[in-house]
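One structure is given below, encoded as structure tokens.
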Amino acid sequence: MATRPTFSEEVANLMHSSHGNPLNTCIQCGTCSGTCPVAEFMDHTPRCLIGLINANQKEDVLDSNTYWFCASCFHCTVRCPSEIDISGLMYSLKRYSIWKHHYSDDAIGPVFSETFVKSILRSGRSYEPVLAPSYIFSYGVREFLNEAHTATNLMLKGRIPVIPPKLKRIENFKKMADRIIPMGGAK
Amino acid sequence: MSEKVGVYVCHCGTNIAGVVDVEEVSNWAGEQPNVVCSRDYKFMCSSLGQELIEEDIKEHGLTRIVVAACSPHMHEKTFRGATERGGLNPYLFEMANIREHNSWATTDKAAATHKAKALVNGAVERVVHHQPLEPIPVEINPATLVVGGGIAGISAALELADAGNHVYLVEREPSIGGHMAQLDKTFPTLDCSACILTPKMVDVEQHPNITLYSWSEVENISGYIGNFNVTVRKKARYVIEELCTGCGICEEKCPRKVVDEVFEAGLAQRKAIYTPFPQAVPKYPVLDPPNCTYFERGKCKACQILCPTGAIDFEQEDELLEFPVGNVILATGYDLFDSNRIPQYGYGHLANVFTSLEFERMVNASGPTDGKIVLRDGESVPQSVAIVHCVGSRDNNYHEYCSKVCCMYSLKFAHLVHERIPEAEVYNFYIDIRTPGKGYEEFYNRLLEEGTHFIRGRVADVTDAARLPGEEGKLIVQAEDTLIGKQRRIPVDMVILSAGMEARHDSQDVSLMFGMGCDFDGFFTERHPKLDPVATMTEGIFIAGACQGPKDIPDSVAQGAAAAARVAGLVNQETVMMEPVRASINKETCSGCRLCNDLCPYNAIVFHEDQKLSEVITALCQGCGTCVAACPSSAINGAHFTNEQVFSEIEGILWDVMEHQAVPA
């Protein structure tokens, strides 16, 4: 009889494609957290998060802001003495929490991620003039107008492209995305 | 003629029986041709198991024995003994390895049972063709070569010499003493390292049974247990040892100063002609030609002019010495991990980051600062010191293993800082404090009482980039304090990197020269990790000390003495019995092509010009089989590995596929 996977097994499945070692090889040395440039803003350090995952403390992990603060600088992954892909873990947890709709309302990370992914899936490439408004608009009209002013200036100076970049054979890209995105892909 | 074979399948507790269906294998083996009796038993190596073989030989008139159990390295001798006690020649026995090669390697029971059958069948087919052989006695030369004059080599040499055996001690550096001579205090008792080491060094020098070759390296070794032939390169010292009194005038008058990278770890200078430290053994100095003004420009000769006994000889050349020995003990020691390989720890570009060996020299009373702990400027006394554990150890990016000694010496460093600078704050950054040893944990407790700050977290960065108030002009050590789950930045004046031990940079070459194994990390491989830690797979070659793996002083001394005891045991026997596995040439079929003459790695084959035939000298042959494989007319026969035996074994192993096709004759 199939048994329900534990939380740590679920996370291991999420990290299936990662090249790093499994999380249970963590020796809790703290190199990741010591190296992390944003550790002081996190409520749990990356090392502590791994400890919580290995102890199957699912609620504590998903309530944590740690993985939303990750800046993807990959310092932790490069320096980890156990060769665990910690940045990859942070991405896995982001995907998991969006997938399960388990994140706090005031977290800005999930909203941005979703907007970003949708924008990529539409054209195949990141295009700020579409990405930024649709993201900021979700916070209200006033914020949108404030940012629009800055954006206009940037565009006039040529810092933001006017013509959106395109991907050839976007259908193939969307098919590929369908396979890898658990939320139901590009549809 | 048919042979009566007895097959014994061992359970080895559950080691084999847990995976292999031993009963089925034994029943199946009983049905094979030539097999007269077949049994399975819980522990074949027990005395009851051995008696089983002896009784069956007498009762059933067995003529061949097969035991399917562990590796022949473990118990081949045991069962050969049982076979012999039963009244058969011990070489009429064959072992099938169904543990290391089978049950330990898989969890698939059906496949393991199938493979066990194949291995047993191969052994049965082979053993039928075995011939009775007699072991060859070889005399053992009582002299021993000890390579490396660190504490492990010194203790091995002294033990052997005290037992009345001659020892050649070869040391690469100008003086014996090794790393231990560089240390100040030794943990956990804080004995003065030099005070306990130098008496032993003097003993080595004065011992009538020890010939010391310092500033020398082993160039070549040939032969086999009991009869090795060693070539040692005695590098030119440019000092005539017979005339030198060790007065030190040459060193004093030499105008040329160079940084001493070896003994002083780069912290101090030495002269171009030098003895590494005052208590050096032997006392003769060594001249270093690349840095000598005379060798560079053709003039100076201050040392030669001022030497009161005329002992300086600029014309001296390397000497090659050859001598025979019976056994070899390798005690080549370790290299310190190069901290430059971890750039984020700042060694090399941040002045006040020191390696452990630099700090050892600094706190040494006879070191460059006379034992004062000072920063790189040579004056300022640090008010805060961070000690970083696990530098290069316990890290898959560098060395996966724990270097074992760093925790203890880091604690020692913390103690020494407290002792010399009572007002200083000391921070130990550790992953785990590992203090397994007599009195070690007590030493840790002592440090806790002394007020050392222990921060559980591996250091991520050492930087001089100040970000917060109070960090200006300091080194900032950034780490997570994992016990409180917060990142901390600790500003300190001095950082000590507790670098781990690694194998000597040339350990692979050494292992090749001596014909023994070396693991992925470069440490020499012992014969058995628990039961034979100082022997190697090559008979007559022993290892001791940190060349086998990271080790502290007590362990190195113990291993040195253990290796010496093993050698002394062999020397006392005077002869050893060698396996009669030797090649022989059939004069009828030898075509005299001489192909084998040059291939033989032991030069054991001679060519008789008059008869146009080659012949193997049995005493020199090691039974490697190279000539057997190379002979184009199949005239060479390797005893115990004849073509008949090897091919029958292969056919036996492949029984399940052979059945379907005709076996080629």
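We label chains A, B, ... in the order they appear in the structure tokens, count residues from 1 in each chain, and number ligands from 1 in the order shown.
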
Chain A contacts to chain B at 9 Å (only C-alpha atoms) as number ranges by chain | A: 27-36, 39-40, 44-45, 47-48, 79-83

Per DSSP on the backbone, filter region 21-117 of chain A down to the residues in helix (DSSP H, G or I) and report them as a PyMOL selection string.
-> chain A and resi 23-25+31-35+39-41+46-54+58-63+66-69+75-79+86-99+109-117

Non-local contacts of Ile84 (chain A) (10 Å; only C-alpha atoms; under 6 positions in same chain excluded) as JSON, numbers by chain | {"A": [18, 19, 20, 21, 22, 23, 24, 25, 26, 32, 76, 77, 78]}

If you count only C-alpha atoms, which residues fall within 8 Å of region 553-558 of chain B, apart from same-chain ones fewer than 2 positions away, as a ChimeraX atom specification?
-> /B:151-152,155-156,180,544-546,551,560-562

Can you tell me, as a compact mmCIF listing (two decimals) with C-alpha atoms, in the first residue's frame, what residues are no more than 10 Å from region 106-111 of chain A when counting only C-alpha atoms, ignoring any on the same chain fewer than 3 positions away?
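Okay, this is what ended up in out.txt:
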# COMPACT_ATOMS: atom_id res chain seq x y z
CA ASN A 65 9.83 33.87 4.98
CA TYR A 67 12.87 31.15 0.88
CA TRP A 68 11.10 34.32 -0.26
CA PHE A 69 14.04 36.42 0.88
CA CYS A 70 16.61 34.27 -0.92
CA LYS A 94 8.78 28.67 -3.54
CA ARG A 95 7.20 26.38 -6.12
CA SER A 97 4.19 27.05 -1.49
CA ILE A 98 2.62 28.61 -4.61
CA HIS A 101 -1.31 28.31 -1.98
CA HIS A 102 0.38 28.26 1.38
CA TYR A 103 1.90 31.66 1.99
CA GLU A 114 3.50 34.45 -10.39
CA THR A 115 3.44 37.64 -12.43
CA PHE A 116 6.94 36.97 -13.68
CA TYR A 135 2.95 43.35 -10.90
CA ILE A 136 2.64 46.85 -9.42
CA SER A 138 -1.86 44.36 -8.08
CA TYR A 139 -0.89 46.78 -5.27

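Nearest-residue note for Glu128 (chain A): choosing from A:Glu143, A:Tyr96, A:Leu154, A:Asn56, the minimum distance belongs to A:Leu154, counting only C-alpha atoms.
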
So how many Å separate CA of Asn364 (chain B) and CA of Leu287 (chain B), to one decimal?
-> 25.0 Å

Taking into account only C-alpha atoms, which residue in the set B:His415, B:Lys77, B:Lys612, B:His453 is nearest to Thr186 (chain B)?
-> B:His415

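For the residues A:Ile86, A:Leu167, A:Val162, A:Val61, ranking by smallest atom-to-atom distance to Asp43 (chain A) using only C-alpha atoms places A:Val61 first.
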
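Between Ala55 (chain A) and the candidates A:Ser92, A:Thr6, A:Ala12, A:Ile163, the tightest atom-to-atom separation, counting only C-alpha atoms, involves A:Thr6.
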
Would you work out the distance separating CA of Ala280 (chain B) from CA of Leu169 (chain B), expressed in Å to one decimal?
-> 15.1 Å

If you count only C-alpha atoms, which residues fall within 6 Å of Arg233 (chain B), apart from same-chain ones fewer than 6 positions away, as a list in words?
-> Ser216, Glu217, Glu219, Glu319 and Leu320 of chain B

Output N, CA and C atoms of each residue in that selection to a file, as an mmCIF file, in the first residue's frame.
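Output below, filename again_13.cif:
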data_model
loop_
_atom_site.group_PDB
_atom_site.id
_atom_site.type_symbol
_atom_site.label_atom_id
_atom_site.label_comp_id
_atom_site.auth_asym_id
_atom_site.auth_seq_id
_atom_site.Cartn_x
_atom_site.Cartn_y
_atom_site.Cartn_z
ATOM 1 N N SER B 216 68.443 13.030 2.689
ATOM 2 C CA SER B 216 68.554 11.900 1.759
ATOM 3 C C SER B 216 67.158 11.441 1.370
ATOM 4 N N GLU B 217 67.073 10.817 0.215
ATOM 5 C CA GLU B 217 65.777 10.279 -0.204
ATOM 6 C C GLU B 217 65.957 8.906 -0.819
ATOM 7 N N GLU B 219 65.701 6.422 -3.534
ATOM 8 C CA GLU B 219 65.638 6.616 -4.977
ATOM 9 C C GLU B 219 64.953 5.423 -5.640
ATOM 10 N N GLU B 319 75.430 11.489 -3.462
ATOM 11 C CA GLU B 319 75.984 10.134 -3.418
ATOM 12 C C GLU B 319 74.826 9.151 -3.536
ATOM 13 N N LEU B 320 75.053 8.061 -4.248
ATOM 14 C CA LEU B 320 74.036 7.015 -4.286
ATOM 15 C C LEU B 320 74.521 5.849 -3.426
#

Contacts of Gln573 (chain B) within 12 Å, only C-alpha atoms, excl. fewer than 6 positions in-chain, as a list of chain:residue names =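 Those residues are B:Pro137, B:Val138, B:Glu139, B:Ile140, B:Asn141, B:Pro142, B:Gly226, B:Gly326, B:Arg566, B:Val567.
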